[in-house]
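Trainee: Provided herewith is a single structure, encoded as structure tokens, for subsequent inquiry.
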Number of protein chains: 2
Amino acid sequence: MLNVENIFAGISNALGGEQLLTLFENRAMKIERIVSQSYHSPEHFWYDQSEPEWVIILRGEATMEFEGGRFVEMKEGDHLIIPRHVKHRVHRTGPQTIWLAAHVAHADSGKRE
Amino acid sequence: MLNVENIFAGISNALGGEQLLTLFENRAMKIERIVSQSYHSPEHFWYDQSEPEWVIILRGEATMEFEGGRFVEMKEGDHLIIPRHVKHRVHRTGPQTIWLAAHVAHADSGKRE
């Protein structure tokens, strides 16, 4: 029942790619580990989320791009709240960047613990 | 609107103590930074939570105690889901242990973003 796992374990090499792993999920929220290896979002792609998201970089670094031409540099330990419907994309990441992302589940979602 | 902050900044010295900082909170969940400096929960104190909690150690190390005499060692990067109503306490931490804790808000809570 009580299983300790390590966030830095089980990382595969996928240069240019992104690897997602759900660490915790219930009806209210989802916590994901994201490993980005020299990754960027597809050209002209924007995330546009109906709920806020909280992200932190645990290893590495990244540049986020926000609609309107604002770029935000993030390094190890940096965290950020991305408000709902603020369009954003990953401009670039370091060779191995490890994020945590906490998503709010939709209030009307049918998900259960 | 987009404020990057660093999780390792603004840590005061309070040996034997615990310092809590809310990083993100809305109607669904709360994410806290907890800094524990050679801390342990009060004797005979147990956390008994009505919702599950997810915790990770970002720096340092700790030993959690669970009811029934089970001790769980956690080091940097280790994460754990503590199910609801599983009684637990902090048995000890290293001199400076930095945690993230994600709590689910109560479903019937009146909190709003």
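Letters for chains follow the order of the structure tokens (A, B, ...), residue numbers begin at 1 for each chain, and ligand numbers begin at 1 in the order shown.
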With a cut-off of 8 Å and counting only C-alpha atoms, select all residues of chain B in contact with chain A and give the selection as a ChimeraX atom specification.
Mentor: /B:2-8,24,28-29,54,58,74,76-82,104-105
Trainee: Got time to write the residues from that selection, C-alpha atoms, as a short mmCIF file (atom, residue, chain, number, x, y, z; two decimals), in the first residue's frame?
Mentor:
data_model
loop_
_atom_site.label_atom_id
_atom_site.label_comp_id
_atom_site.auth_asym_id
_atom_site.auth_seq_id
_atom_site.Cartn_x
_atom_site.Cartn_y
_atom_site.Cartn_z
CA LEU B 2 3.18 34.88 -14.77
CA ASN B 3 5.48 34.87 -11.79
CA VAL B 4 8.29 32.36 -11.67
CA GLU B 5 9.47 31.65 -8.14
CA ASN B 6 12.09 29.24 -6.88
CA ILE B 7 11.27 26.47 -4.45
CA PHE B 8 14.70 26.67 -2.83
CA PHE B 24 -0.87 26.85 -5.29
CA ALA B 28 -9.67 21.28 -5.96
CA MET B 29 -6.25 21.09 -4.41
CA TRP B 54 0.94 12.98 -2.31
CA LEU B 58 13.10 17.52 -3.17
CA MET B 74 12.58 8.63 2.06
CA GLU B 76 15.77 12.96 -2.43
CA GLY B 77 13.33 12.36 -5.26
CA ASP B 78 11.28 9.77 -3.36
CA HIS B 79 7.53 10.19 -3.55
CA LEU B 80 4.65 8.48 -1.82
CA ILE B 81 0.86 8.45 -1.84
CA ILE B 82 -0.54 8.47 1.69
CA VAL B 104 -6.91 17.22 -2.28
CA ALA B 105 -9.43 19.80 -1.19
#
Trainee: Give me the residues within 9 Å of Arg89 in chain B as a ChimeraX atom specification, counting only C-alpha atoms and dropping any in the same chain fewer than 5 places off.
Mentor: /B:40-42,44-47,63-67
Trainee: CA of Ile34 in chain B and CA of Ile98 in chain B, how far apart in Å?
Mentor: 5.8 Å
Trainee: Work out how far CA of Asp48 in chain A is from CA of Arg84 in chain A, in Å to one decimal.
Mentor: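 Between CA of Arg84 in chain A and CA of Asp48 in chain A the gap works out to 7.4 Å.
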Trainee: Can you tell me which residues surround Thr97 in chain B at a distance of at most 6 Å, considering only C-alpha atoms, apart from same-chain residues fewer than 5 positions away, and format the answer as a list in words?
Mentor: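 Once the nearby chain positions are removed, what remains is Val35, Ser36, Arg59, Gly60 and Glu61 of chain B.
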Trainee: So that I can see what lies close to Pro95 in chain B, please list as a ChimeraX atom specification the residues with an atom at most 7 Å from it, counting only C-alpha atoms and leaving out residues fewer than 2 positions away in the same chain.
Mentor: /B:37-38,93,97
Trainee: For all heavy atoms, I'd like the residues from the last selection saved as an mmCIF file, in the first residue's frame.
Mentor:
data_model
loop_
_atom_site.group_PDB
_atom_site.id
_atom_site.type_symbol
_atom_site.label_atom_id
_atom_site.label_comp_id
_atom_site.auth_asym_id
_atom_site.auth_seq_id
_atom_site.Cartn_x
_atom_site.Cartn_y
_atom_site.Cartn_z
ATOM 1 N N GLN B 37 13.477 20.968 9.447
ATOM 2 C CA GLN B 37 14.878 21.062 9.861
ATOM 3 C C GLN B 37 15.075 20.232 11.124
ATOM 4 O O GLN B 37 14.751 20.665 12.227
ATOM 5 C CB GLN B 37 15.253 22.538 10.042
ATOM 6 C CG GLN B 37 15.127 23.278 8.696
ATOM 7 C CD GLN B 37 15.402 24.772 8.760
ATOM 8 O OE1 GLN B 37 14.990 25.446 9.681
ATOM 9 N NE2 GLN B 37 16.096 25.282 7.752
ATOM 10 N N SER B 38 15.584 19.009 10.918
ATOM 11 C CA SER B 38 15.749 18.050 12.030
ATOM 12 C C SER B 38 14.469 17.982 12.853
ATOM 13 O O SER B 38 14.470 18.030 14.074
ATOM 14 C CB SER B 38 16.941 18.443 12.923
ATOM 15 O OG SER B 38 18.117 18.510 12.154
ATOM 16 N N THR B 93 13.619 14.002 10.346
ATOM 17 C CA THR B 93 14.089 14.469 9.040
ATOM 18 C C THR B 93 15.567 14.843 9.156
ATOM 19 O O THR B 93 16.093 15.010 10.263
ATOM 20 C CB THR B 93 13.336 15.720 8.537
ATOM 21 O OG1 THR B 93 13.791 16.880 9.263
ATOM 22 C CG2 THR B 93 11.841 15.580 8.682
ATOM 23 N N THR B 97 15.263 19.431 5.077
ATOM 24 C CA THR B 97 14.509 18.582 4.161
ATOM 25 C C THR B 97 13.392 19.421 3.555
ATOM 26 O O THR B 97 12.639 20.067 4.271
ATOM 27 C CB THR B 97 13.963 17.354 4.918
ATOM 28 O OG1 THR B 97 15.079 16.628 5.438
ATOM 29 C CG2 THR B 97 13.152 16.461 4.002
#
Trainee: Mind pulling up the distance from CA of Gly16 in chain B to CA of Glu32 in chain B?
Mentor: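 About the pair CA of Glu32 in chain B and CA of Gly16 in chain B: they are 19.0 Å apart.
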Trainee: Where in chain A does DSSP assign strand (DSSP E), given as a PyMOL selection string?
Mentor: chain A and resi 5-6+18-25+29-36+53-59+61-66+70-75+78-82+88-93+97-104
